[in-house]
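Structure file coords-v4.cif (mmCIF, C-alpha atoms) follows.
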data_model
#
loop_
_atom_site.label_atom_id
_atom_site.label_comp_id
_atom_site.auth_asym_id
_atom_site.auth_seq_id
_atom_site.Cartn_x
_atom_site.Cartn_y
_atom_site.Cartn_z
CA MET X 98 92.94 79.81 61.90
CA GLY X 99 95.95 79.08 64.11
CA ARG X 100 97.95 81.69 65.99
CA THR X 101 100.83 82.93 63.83
CA THR X 102 102.01 86.21 65.40
CA ALA X 103 101.97 87.71 68.87
CA PRO X 104 100.79 91.24 69.70
CA GLU X 105 103.42 93.73 70.83
CA PRO X 106 104.42 93.79 74.51
CA TYR X 107 103.15 96.68 76.60
CA LEU X 108 103.91 98.49 79.84
CA GLN X 109 101.18 98.82 82.44
CA GLU X 110 101.75 101.22 85.34
CA LEU X 111 100.48 99.64 88.55
CA ALA X 112 101.63 102.25 91.09
CA ASN X 113 104.09 105.11 91.16
CA GLY X 114 107.29 103.67 89.67
CA VAL X 115 105.92 100.09 89.48
CA TYR X 116 105.12 98.52 86.12
CA ALA X 117 104.09 95.22 84.62
CA TYR X 118 105.69 94.38 81.28
CA VAL X 119 103.15 92.12 79.59
CA GLN X 120 103.89 89.96 76.53
CA PRO X 121 100.65 88.90 74.84
CA ASP X 122 99.17 86.46 74.19
CA GLY X 123 100.74 84.74 77.17
CA GLY X 124 101.22 81.34 75.51
CA TRP X 125 104.40 79.28 75.45
CA CYS X 126 107.49 81.46 76.11
CA LEU X 127 105.55 84.76 76.17
CA SER X 128 106.12 85.63 79.82
CA ASN X 129 105.67 88.80 81.86
CA SER X 130 108.19 90.89 83.79
CA GLY X 131 108.01 93.48 86.53
CA ILE X 132 109.86 96.80 86.47
CA LEU X 133 110.48 98.91 89.56
CA ALA X 134 111.94 102.29 88.71
CA GLY X 135 114.06 102.21 91.86
CA GLY X 136 116.27 99.54 90.32
CA LEU X 137 114.61 96.11 90.43
CA LEU X 138 113.50 93.82 87.61
CA VAL X 139 111.39 90.67 87.94
CA ASP X 140 112.27 88.11 85.23
CA THR X 141 113.61 88.66 81.73
CA ALA X 142 112.44 87.04 78.48
CA ALA X 143 112.96 84.03 76.22
CA THR X 144 114.82 85.50 73.24
CA GLN X 145 117.57 88.02 72.74
CA ARG X 146 115.24 90.28 70.75
CA ARG X 147 112.58 90.22 73.43
CA ALA X 148 115.12 90.80 76.21
CA ARG X 149 116.41 93.85 74.32
CA ALA X 150 112.86 95.15 74.02
CA LEU X 151 112.44 94.63 77.78
CA ARG X 152 115.63 96.58 78.41
CA ALA X 153 114.32 99.40 76.24
CA ALA X 154 111.11 99.40 78.29
CA VAL X 155 113.15 99.69 81.48
CA THR X 156 115.06 102.69 80.15
CA SER X 157 111.79 104.31 79.07
CA VAL X 158 110.65 104.61 82.69
CA THR X 159 113.91 105.06 84.60
CA THR X 160 117.45 106.25 83.96
CA ALA X 161 118.86 103.71 86.41
CA PRO X 162 119.52 100.20 85.09
CA PRO X 163 118.27 97.48 87.44
CA LYS X 164 120.58 96.71 90.35
CA ILE X 165 118.60 93.61 91.30
CA LEU X 166 117.14 91.03 88.91
CA VAL X 167 114.76 88.52 90.51
CA ASN X 168 114.20 85.19 88.75
CA THR X 169 110.86 83.75 89.86
CA HIS X 170 112.01 80.28 88.72
CA HIS X 171 114.50 78.64 86.38
CA HIS X 172 112.53 78.26 83.14
CA GLY X 173 114.17 79.80 80.10
CA ASP X 174 111.27 82.04 79.10
CA HIS X 175 111.87 83.90 82.39
CA THR X 176 115.68 83.67 82.48
CA TYR X 177 117.28 83.38 79.02
CA GLY X 178 117.51 87.18 78.86
CA ASN X 179 119.48 87.47 82.12
CA GLY X 180 122.68 88.16 80.21
CA LEU X 181 121.21 91.38 78.80
CA PHE X 182 121.33 92.90 82.31
CA PRO X 183 124.99 92.46 83.32
CA GLU X 184 124.92 95.28 85.90
CA ALA X 185 122.28 93.53 88.01
CA VAL X 186 122.76 91.08 90.85
CA ILE X 187 120.57 88.11 89.95
CA VAL X 188 118.56 86.71 92.85
CA GLY X 189 116.67 83.43 93.04
CA HIS X 190 115.86 80.45 95.21
CA ASP X 191 118.66 78.16 96.35
CA GLU X 192 117.64 75.48 93.83
CA CYS X 193 117.36 77.85 90.88
CA PRO X 194 121.00 77.96 89.66
CA ALA X 195 121.40 74.18 89.43
CA ALA X 196 118.02 73.82 87.75
CA MET X 197 118.97 76.48 85.19
CA ARG X 198 122.25 74.76 84.39
CA GLU X 199 120.55 71.37 84.07
CA GLN X 200 117.86 72.80 81.79
CA GLY X 201 120.36 74.68 79.64
CA LEU X 202 118.94 76.00 76.36
CA VAL X 203 116.45 73.15 75.95
CA LEU X 204 113.71 75.47 74.70
CA THR X 205 115.83 76.31 71.66
CA GLN X 206 115.93 72.60 70.79
CA LEU X 207 112.17 72.17 71.16
CA TRP X 208 111.17 75.19 69.07
CA THR X 209 113.81 75.34 66.35
CA ASP X 210 111.87 77.84 64.23
CA VAL X 211 112.06 80.60 66.89
CA GLU X 212 114.70 83.29 66.42
CA TRP X 213 116.38 82.86 69.80
CA GLY X 214 119.45 85.00 69.19
CA ASP X 215 122.75 84.76 71.06
CA LEU X 216 121.82 83.40 74.48
CA GLU X 217 123.78 82.20 77.50
CA ILE X 218 122.77 80.70 80.80
CA VAL X 219 123.38 83.25 83.59
CA PRO X 220 122.09 81.84 86.88
CA PRO X 221 121.42 83.77 90.09
CA SER X 222 124.54 84.63 92.08
CA LEU X 223 122.58 85.44 95.24
CA THR X 224 120.20 82.76 96.51
CA PHE X 225 118.06 82.20 99.56
CA PRO X 226 116.06 79.28 101.04
CA ASP X 227 112.80 80.81 102.25
CA ARG X 228 112.49 84.61 102.36
CA LEU X 229 114.62 87.59 101.48
CA SER X 230 113.87 91.29 101.99
CA VAL X 231 115.28 93.75 99.45
CA ARG X 232 114.57 97.35 98.47
CA SER X 233 114.06 99.09 95.17
CA GLY X 234 114.81 102.69 96.04
CA ASP X 235 112.41 103.35 98.90
CA VAL X 236 110.09 100.45 97.99
CA PRO X 237 110.40 97.33 100.18
CA VAL X 238 110.09 94.03 98.33
CA GLU X 239 109.60 90.65 99.98
CA LEU X 240 110.86 87.63 98.04
CA ILE X 241 109.11 84.47 99.19
CA HIS X 242 109.80 80.87 98.17
CA VAL X 243 106.48 79.06 97.72
CA GLY X 244 107.45 75.88 95.87
CA PRO X 245 107.14 73.16 94.88
CA ALA X 246 104.34 74.67 92.83
CA HIS X 247 104.99 75.47 89.17
CA THR X 248 108.55 74.22 89.80
CA THR X 249 110.53 73.37 92.94
CA ASN X 250 112.16 76.82 93.06
CA ASP X 251 109.25 79.25 92.71
CA VAL X 252 109.68 82.75 94.15
CA VAL X 253 107.10 85.53 94.31
CA ALA X 254 107.89 89.23 94.69
CA TRP X 255 105.53 90.98 97.11
CA LEU X 256 105.28 94.75 97.48
CA PRO X 257 103.43 95.10 100.80
CA GLU X 258 103.03 98.88 100.71
CA GLN X 259 101.56 98.88 97.18
CA ARG X 260 99.83 95.49 97.70
CA ILE X 261 101.19 94.29 94.37
CA LEU X 262 102.21 90.66 93.85
CA PHE X 263 104.37 89.27 91.04
CA THR X 264 103.57 85.55 91.06
CA GLY X 265 105.76 84.05 88.35
CA ASP X 266 104.05 81.02 86.82
CA ILE X 267 102.15 80.00 89.92
CA VAL X 268 99.40 82.08 88.33
CA ILE X 269 98.83 82.22 84.56
CA THR X 270 95.95 83.92 82.76
CA THR X 271 94.61 83.15 79.27
CA ALA X 272 96.81 80.03 79.13
CA THR X 273 96.64 76.71 80.99
CA PRO X 274 98.58 76.34 84.26
CA PHE X 275 101.53 73.94 84.08
CA VAL X 276 102.84 71.97 87.06
CA LEU X 277 104.71 69.06 85.45
CA MET X 278 107.96 70.14 87.11
CA GLY X 279 106.37 71.13 90.40
CA SER X 280 103.27 70.00 92.25
CA VAL X 281 99.50 70.18 92.00
CA ALA X 282 99.02 70.01 95.76
CA GLY X 283 101.94 72.38 96.26
CA SER X 284 100.42 74.87 93.84
CA LEU X 285 97.16 74.81 95.76
CA ALA X 286 99.07 75.37 99.01
CA ALA X 287 100.96 78.23 97.37
CA LEU X 288 97.71 79.85 96.26
CA ASP X 289 96.40 79.62 99.82
CA LEU X 290 99.56 81.33 101.08
CA LEU X 291 99.39 84.06 98.45
CA GLY X 292 95.78 84.70 99.37
CA THR X 293 96.80 85.50 102.95
CA LEU X 294 98.91 88.39 101.63
CA GLN X 295 95.68 90.02 100.43
CA PRO X 296 97.13 91.58 97.27
CA GLU X 297 95.08 94.10 95.34
CA ILE X 298 97.00 93.65 92.06
CA VAL X 299 98.28 90.30 90.81
CA VAL X 300 100.81 90.14 87.99
CA PRO X 301 100.82 86.59 86.60
CA GLY X 302 103.73 84.90 84.89
CA HIS X 303 101.80 84.92 81.62
CA GLY X 304 98.74 86.87 80.52
CA PRO X 305 96.94 90.04 81.60
CA VAL X 306 97.23 91.60 85.04
CA GLY X 307 94.30 91.04 87.40
CA GLY X 308 93.42 90.81 91.05
CA PRO X 309 93.06 88.01 93.61
CA GLU X 310 90.26 86.50 91.51
CA LEU X 311 93.07 84.99 89.44
CA PHE X 312 93.83 82.67 92.37
CA ASP X 313 90.31 81.23 92.17
CA ARG X 314 90.63 80.68 88.44
CA THR X 315 93.85 78.72 88.83
CA GLU X 316 92.57 76.79 91.84
CA GLY X 317 89.48 75.64 89.95
CA TYR X 318 91.58 74.15 87.17
CA LEU X 319 94.01 72.41 89.52
CA ARG X 320 91.22 70.87 91.59
CA ARG X 321 89.72 69.55 88.36
CA VAL X 322 93.10 67.96 87.56
CA GLN X 323 93.17 66.31 90.98
CA GLU X 324 89.65 64.93 90.50
CA LEU X 325 90.58 63.52 87.11
CA ALA X 326 93.74 61.94 88.52
CA ARG X 327 91.83 60.18 91.31
CA TYR X 328 89.47 58.76 88.72
CA GLY X 329 92.24 57.81 86.30
CA VAL X 330 94.33 56.01 88.89
CA ALA X 331 91.28 54.11 90.18
CA GLU X 332 90.31 53.06 86.64
CA GLY X 333 93.85 52.17 85.55
CA LEU X 334 93.92 54.74 82.74
CA SER X 335 97.15 56.35 81.60
CA PRO X 336 97.34 60.16 81.87
CA LEU X 337 97.41 60.46 78.06
CA THR X 338 94.39 58.19 77.62
CA LEU X 339 92.43 60.03 80.28
CA ALA X 340 93.36 63.41 78.80
CA ALA X 341 92.20 62.30 75.35
CA GLU X 342 88.86 61.09 76.75
CA THR X 343 88.19 64.17 78.89
CA ASP X 344 86.08 67.15 77.91
CA LEU X 345 87.82 70.03 79.66
CA GLY X 346 84.89 72.39 79.15
CA GLU X 347 85.90 76.01 79.66
CA TYR X 348 89.45 74.95 80.50
CA GLY X 349 89.82 73.45 77.04
CA GLU X 350 89.37 76.93 75.57
CA TRP X 351 92.48 78.25 77.31
CA LEU X 352 95.73 78.45 75.37
CA ASP X 353 98.07 75.46 75.51
CA SER X 354 95.45 72.96 76.66
CA GLU X 355 97.90 70.12 75.92
CA ARG X 356 99.41 70.87 79.33
CA ILE X 357 96.64 68.72 80.79
CA VAL X 358 98.79 65.67 79.99
CA GLY X 359 101.77 66.92 81.98
CA ASN X 360 99.55 68.12 84.78
CA LEU X 361 97.87 64.71 85.01
CA HIS X 362 101.23 62.95 85.17
CA ARG X 363 102.12 65.14 88.16
CA ALA X 364 98.72 64.60 89.78
CA TYR X 365 98.96 60.82 89.23
CA ALA X 366 102.38 60.79 90.91
CA GLU X 367 100.99 62.60 93.93
CA GLU X 368 97.87 60.43 94.04
CA GLN X 369 100.19 57.42 94.17
CA GLY X 370 102.21 58.83 97.06
CA GLU X 371 105.17 60.50 95.34
CA PRO X 372 106.47 63.60 97.17
CA ARG X 373 105.78 67.05 95.79
CA GLY X 374 108.31 67.97 93.13
CA ALA X 375 109.62 64.43 92.68
CA LYS X 376 111.52 64.02 89.42
CA LEU X 377 109.49 62.73 86.48
CA ASP X 378 110.54 61.91 82.91
CA ASP X 379 109.80 65.41 81.63
CA LEU X 380 110.93 64.81 78.04
CA ALA X 381 108.84 61.66 77.58
CA ILE X 382 105.81 63.43 79.05
CA ILE X 383 106.29 66.45 76.77
CA MET X 384 106.29 64.04 73.82
CA GLU X 385 102.92 62.75 75.08
CA MET X 386 101.72 66.36 75.11
CA VAL X 387 102.73 66.55 71.45
CA THR X 388 100.73 63.38 70.78
CA TYR X 389 97.70 64.92 72.51
CA ASN X 390 98.19 68.00 70.32
CA GLY X 391 97.71 65.95 67.17
CA GLY X 392 101.39 65.15 66.77
CA LYS X 393 102.32 68.83 66.46
CA ILE X 394 104.75 70.77 68.60
CA PRO X 395 102.67 73.32 70.54
CA THR X 396 102.65 76.83 69.13
CA CYS X 397 105.38 79.16 70.44
CA LEU X 398 105.28 82.76 69.21
CA ALA X 399 108.39 83.98 70.99
#
Will you turn the file into structure tokens for me?
Amino acid sequence: MGRTTAPEPYLQELANGVYAYVQPDGGWCLSNSGILAGGLLVDTAATQRRARALRAAVTSVTTAPPKILVNTHHHGDHTYGNGLFPEAVIVGHDECPAAMREQGLVLTQLWTDVEWGDLEIVPPSLTFPDRLSVRSGDVPVELIHVGPAHTTNDVVAWLPEQRILFTGDIVITTATPFVLMGSVAGSLAALDLLGTLQPEIVVPGHGPVGGPELFDRTEGYLRRVQELARYGVAEGLSPLTLAAETDLGEYGEWLDSERIVGNLHRAYAEEQGEPRGAKLDDLAIIMEMVTYNGGKIPTCLA
């Protein structure tokens, strides 16, 4: 039986005034957010309805609307709801605004059966190249650019006093990592960097909250992708052919396993000397992912 509905989102208190807003089951477009009661929000949501539910969750734990909204990267499932928080200054990496404008509302064209609502692209108005220190009330928050990883403009939000890390999509649980628009090698480097922070709580971009063991889980998958790419390039196999012939084992049981095709395209590019984050033909590769998925658009329960 295929997935047809998503469980309700839930709030998980991580520390005094710090919450994860988790949207199960963590598949396509079901992303997580972070809420700091002192006035900071990490990411929004894909649809107008889900962004309104996120806003209601914010008001359930604090009377102050967020003053700062951090976008961990440009993808629409983390940013389409930005317009529902007009009082906030939106913060992101220097490359995030242009990437958001270029992407536009492409997700609404891919999944036409989703009730997206009235959306607009509202990019960050405050950007930074490497690191930016902000505060949410009396809680210091370090924003760190760690891309190219999931994308070229990945930002994590690190709470050093609480040892809580919001990773965006550098880390995903229950679903397959996705680095088509970023870098396999860069993601591994990012995981190494995040490990040096020694977080106790890790809030992934999708899926349940965990600890630093989530880094190992993601690293294992990405190293498998690199191994496959080395073999595929040496044997002259296309990424789609190799993906179709490969038994992913435990990784094949994760949601959205069709991402292996996009991940292999990125790993092939790097194996052949392309720089991290180099532009690929994303749309053509996504169509190959559809082919891998039996000719069906992957399931999106947003």
(Q) From the options X:Pro305, X:Pro237, X:Pro163, X:Gly329, which residue's atoms come nearest to Pro106 (chain X), counting all atoms listed in the file? (A) X:Pro305
Q: Give as a PyMOL selection string the residues that the PyMOL selection byres ((chain X and resi 156) around 12) matches when applied to the coordinates above.
A: chain X and resi 108+132-136+138+149-155+157-163+182
Q: Name the residues captured by the PyMOL selection byres ((chain X and resi 288-303) around 8) when it is applied to the shown file; answer as a PyMOL selection string.
A: chain X and resi 111+117+119-121+123-124+127-130+260-272+284-287+304-309+311-312+316
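Residue selection for this entry, given the PyMOL selection byres ((chain X and resi 359-365) around 7), comprises Phe275, Val276, Leu277, Ser280, Val281, Val322, Gln323, Ala326, Val330, Pro336, Arg356, Ile357, Val358, Ala366, Glu367, Glu368, Gln369, Ile382, Ile383 and Met386 of chain X.
Pairwise distance (CA of Lys376 (chain X), CA of Gly201 (chain X)) equals 17.0 Å.
Nearest-residue note for Leu380 (chain X): choosing from X:Gly131, X:Glu310, X:Glu324, X:Gln206, the minimum distance belongs to X:Gln206, counting only C-alpha atoms.
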Q) Hey, what's within 12 Å of Val203 (chain X) if we count only C-alpha atoms and toss same-chain stuff fewer than 6 positions away? As a PyMOL selection string, please? A) chain X and resi 143+171-174+177+196-197+209+213+216-218+379-380
Q: Between CA of Cys193 (chain X) and CA of Ser354 (chain X), measure the distance and give it in Å to one decimal.
A: 26.6 Å
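The nearest approach to Val231 (chain X) among the residues X:Ala282, X:Trp208, X:Leu166, X:Trp351, with all atoms listed in the file taken into account, belongs to X:Leu166.
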**Q.** Of the listed residues X:Pro372, X:Pro395, X:Gly178, X:Gly114, that which approaches Asp235 (chain X) most closely, counting only C-alpha atoms
**A.** X:Gly114
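Atom pair CA of Ala254 (chain X) / CA of Ser233 (chain X) has a distance of 11.6 Å (rounded to one decimal).
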Q: Compare X:Leu204, X:Leu345, X:Leu181, X:Ala381 by their minimum atom-to-atom distance to Thr141 (chain X), counting only C-alpha atoms, and give me the closest one.
A: X:Leu181
Q) Which is closest to Ala195 (chain X) among X:Ala142, X:Thr249, X:Lys164, X:Tyr318, if we use all atoms listed in the file? A) X:Thr249
Please return the centre and edge lengths, in Å to one decimal, of a box with edges along x, y and z that contains all listed atoms of region 235-250 of chain X, widened by 6 Å on every side, as JSON.
{"center_x": 108.4, "center_y": 88.3, "center_z": 94.7, "size_x": 20.1, "size_y": 42.2, "size_z": 23.0}
Repair of region 290-325 of chain X at the level of N, CA and C atoms, as a PDB file, in the frame of the given file:
ATOM      1  N   LEU X 290      98.610  80.416 100.451  1.00  0.00           N
ATOM      2  CA  LEU X 290      99.560  81.330 101.080  1.00  0.00           C
ATOM      3  C   LEU X 290      99.478  82.715 100.457  1.00  0.00           C
ATOM      4  N   LEU X 291      99.446  82.770  99.138  1.00  0.00           N
ATOM      5  CA  LEU X 291      99.390  84.060  98.450  1.00  0.00           C
ATOM      6  C   LEU X 291      98.106  84.812  98.798  1.00  0.00           C
ATOM      7  N   GLY X 292      97.032  84.062  98.993  1.00  0.00           N
ATOM      8  CA  GLY X 292      95.780  84.700  99.370  1.00  0.00           C
ATOM      9  C   GLY X 292      95.864  85.409 100.709  1.00  0.00           C
ATOM     10  N   THR X 293      96.672  84.869 101.629  1.00  0.00           N
ATOM     11  CA  THR X 293      96.800  85.500 102.950  1.00  0.00           C
ATOM     12  C   THR X 293      97.512  86.845 102.874  1.00  0.00           C
ATOM     13  N   LEU X 294      98.252  87.083 101.795  1.00  0.00           N
ATOM     14  CA  LEU X 294      98.910  88.390 101.630  1.00  0.00           C
ATOM     15  C   LEU X 294      97.894  89.481 101.317  1.00  0.00           C
ATOM     16  N   GLN X 295      96.747  89.094 100.796  1.00  0.00           N
ATOM     17  CA  GLN X 295      95.680  90.020 100.430  1.00  0.00           C
ATOM     18  C   GLN X 295      96.145  91.088  99.421  1.00  0.00           C
ATOM     19  N   PRO X 296      96.721  90.623  98.295  1.00  0.00           N
ATOM     20  CA  PRO X 296      97.130  91.580  97.270  1.00  0.00           C
ATOM     21  C   PRO X 296      95.925  92.222  96.606  1.00  0.00           C
ATOM     22  N   GLU X 297      96.122  93.426  96.117  1.00  0.00           N
ATOM     23  CA  GLU X 297      95.080  94.100  95.340  1.00  0.00           C
ATOM     24  C   GLU X 297      95.335  93.945  93.840  1.00  0.00           C
ATOM     25  N   ILE X 298      96.619  93.826  93.458  1.00  0.00           N
ATOM     26  CA  ILE X 298      97.000  93.650  92.060  1.00  0.00           C
ATOM     27  C   ILE X 298      97.878  92.411  91.952  1.00  0.00           C
ATOM     28  N   VAL X 299      97.535  91.534  91.021  1.00  0.00           N
ATOM     29  CA  VAL X 299      98.280  90.300  90.810  1.00  0.00           C
ATOM     30  C   VAL X 299      98.830  90.295  89.393  1.00  0.00           C
ATOM     31  N   VAL X 300     100.153  90.215  89.287  1.00  0.00           N
ATOM     32  CA  VAL X 300     100.810  90.140  87.990  1.00  0.00           C
ATOM     33  C   VAL X 300     101.205  88.682  87.753  1.00  0.00           C
ATOM     34  N   PRO X 301     100.518  87.997  86.844  1.00  0.00           N
ATOM     35  CA  PRO X 301     100.820  86.590  86.600  1.00  0.00           C
ATOM     36  C   PRO X 301     102.089  86.414  85.789  1.00  0.00           C
ATOM     37  N   GLY X 302     102.553  85.178  85.706  1.00  0.00           N
ATOM     38  CA  GLY X 302     103.730  84.900  84.890  1.00  0.00           C
ATOM     39  C   GLY X 302     103.463  85.029  83.411  1.00  0.00           C
ATOM     40  N   HIS X 303     102.219  84.791  83.012  1.00  0.00           N
ATOM     41  CA  HIS X 303     101.800  84.920  81.620  1.00  0.00           C
ATOM     42  C   HIS X 303     100.379  85.478  81.618  1.00  0.00           C
ATOM     43  N   GLY X 304     100.088  86.370  80.687  1.00  0.00           N
ATOM     44  CA  GLY X 304      98.740  86.870  80.520  1.00  0.00           C
ATOM     45  C   GLY X 304      98.472  88.175  81.245  1.00  0.00           C
ATOM     46  N   PRO X 305      97.267  88.714  81.078  1.00  0.00           N
ATOM     47  CA  PRO X 305      96.940  90.040  81.600  1.00  0.00           C
ATOM     48  C   PRO X 305      96.973  90.112  83.124  1.00  0.00           C
ATOM     49  N   VAL X 306      97.238  91.313  83.611  1.00  0.00           N
ATOM     50  CA  VAL X 306      97.230  91.600  85.040  1.00  0.00           C
ATOM     51  C   VAL X 306      95.791  91.542  85.560  1.00  0.00           C
ATOM     52  N   GLY X 307      95.617  91.094  86.784  1.00  0.00           N
ATOM     53  CA  GLY X 307      94.300  91.040  87.400  1.00  0.00           C
ATOM     54  C   GLY X 307      94.388  91.290  88.886  1.00  0.00           C
ATOM     55  N   GLY X 308      93.466  90.701  89.599  1.00  0.00           N
ATOM     56  CA  GLY X 308      93.420  90.810  91.050  1.00  0.00           C
ATOM     57  C   GLY X 308      93.398  89.420  91.661  1.00  0.00           C
ATOM     58  N   PRO X 309      93.037  89.315  92.942  1.00  0.00           N
ATOM     59  CA  PRO X 309      93.060  88.010  93.610  1.00  0.00           C
ATOM     60  C   PRO X 309      92.085  86.999  93.027  1.00  0.00           C
ATOM     61  N   GLU X 310      91.150  87.456  92.178  1.00  0.00           N
ATOM     62  CA  GLU X 310      90.260  86.500  91.510  1.00  0.00           C
ATOM     63  C   GLU X 310      91.036  85.522  90.632  1.00  0.00           C
ATOM     64  N   LEU X 311      92.240  85.890  90.248  1.00  0.00           N
ATOM     65  CA  LEU X 311      93.070  84.990  89.440  1.00  0.00           C
ATOM     66  C   LEU X 311      93.450  83.735  90.230  1.00  0.00           C
ATOM     67  N   PHE X 312      93.543  83.853  91.555  1.00  0.00           N
ATOM     68  CA  PHE X 312      93.830  82.670  92.370  1.00  0.00           C
ATOM     69  C   PHE X 312      92.707  81.648  92.227  1.00  0.00           C
ATOM     70  N   ASP X 313      91.449  82.130  92.266  1.00  0.00           N
ATOM     71  CA  ASP X 313      90.310  81.230  92.170  1.00  0.00           C
ATOM     72  C   ASP X 313      90.284  80.520  90.824  1.00  0.00           C
ATOM     73  N   ARG X 314      90.619  81.249  89.784  1.00  0.00           N
ATOM     74  CA  ARG X 314      90.630  80.680  88.440  1.00  0.00           C
ATOM     75  C   ARG X 314      91.620  79.527  88.355  1.00  0.00           C
ATOM     76  N   THR X 315      92.823  79.754  88.872  1.00  0.00           N
ATOM     77  CA  THR X 315      93.850  78.720  88.830  1.00  0.00           C
ATOM     78  C   THR X 315      93.483  77.547  89.730  1.00  0.00           C
ATOM     79  N   GLU X 316      92.956  77.856  90.913  1.00  0.00           N
ATOM     80  CA  GLU X 316      92.570  76.790  91.840  1.00  0.00           C
ATOM     81  C   GLU X 316      91.520  75.881  91.242  1.00  0.00           C
ATOM     82  N   GLY X 317      90.539  76.457  90.550  1.00  0.00           N
ATOM     83  CA  GLY X 317      89.480  75.640  89.950  1.00  0.00           C
ATOM     84  C   GLY X 317      90.036  74.632  88.967  1.00  0.00           C
ATOM     85  N   TYR X 318      90.970  75.068  88.142  1.00  0.00           N
ATOM     86  CA  TYR X 318      91.580  74.150  87.170  1.00  0.00           C
ATOM     87  C   TYR X 318      92.350  73.049  87.881  1.00  0.00           C
ATOM     88  N   LEU X 319      93.169  73.400  88.856  1.00  0.00           N
ATOM     89  CA  LEU X 319      94.010  72.410  89.520  1.00  0.00           C
ATOM     90  C   LEU X 319      93.178  71.391  90.294  1.00  0.00           C
ATOM     91  N   ARG X 320      92.081  71.828  90.885  1.00  0.00           N
ATOM     92  CA  ARG X 320      91.220  70.870  91.590  1.00  0.00           C
ATOM     93  C   ARG X 320      90.549  69.929  90.590  1.00  0.00           C
ATOM     94  N   ARG X 321      90.246  70.414  89.418  1.00  0.00           N
ATOM     95  CA  ARG X 321      89.720  69.550  88.360  1.00  0.00           C
ATOM     96  C   ARG X 321      90.755  68.498  87.969  1.00  0.00           C
ATOM     97  N   VAL X 322      92.016  68.908  87.879  1.00  0.00           N
ATOM     98  CA  VAL X 322      93.100  67.960  87.560  1.00  0.00           C
ATOM     99  C   VAL X 322      93.198  66.894  88.642  1.00  0.00           C
ATOM    100  N   GLN X 323      93.119  67.287  89.899  1.00  0.00           N
ATOM    101  CA  GLN X 323      93.170  66.310  90.980  1.00  0.00           C
ATOM    102  C   GLN X 323      92.007  65.321  90.903  1.00  0.00           C
ATOM    103  N   GLU X 324      90.813  65.814  90.622  1.00  0.00           N
ATOM    104  CA  GLU X 324      89.650  64.930  90.500  1.00  0.00           C
ATOM    105  C   GLU X 324      89.846  63.923  89.376  1.00  0.00           C
ATOM    106  N   LEU X 325      90.328  64.405  88.236  1.00  0.00           N
ATOM    107  CA  LEU X 325      90.580  63.520  87.110  1.00  0.00           C
ATOM    108  C   LEU X 325      91.631  62.469  87.464  1.00  0.00           C
TER     109      LEU X 325
END
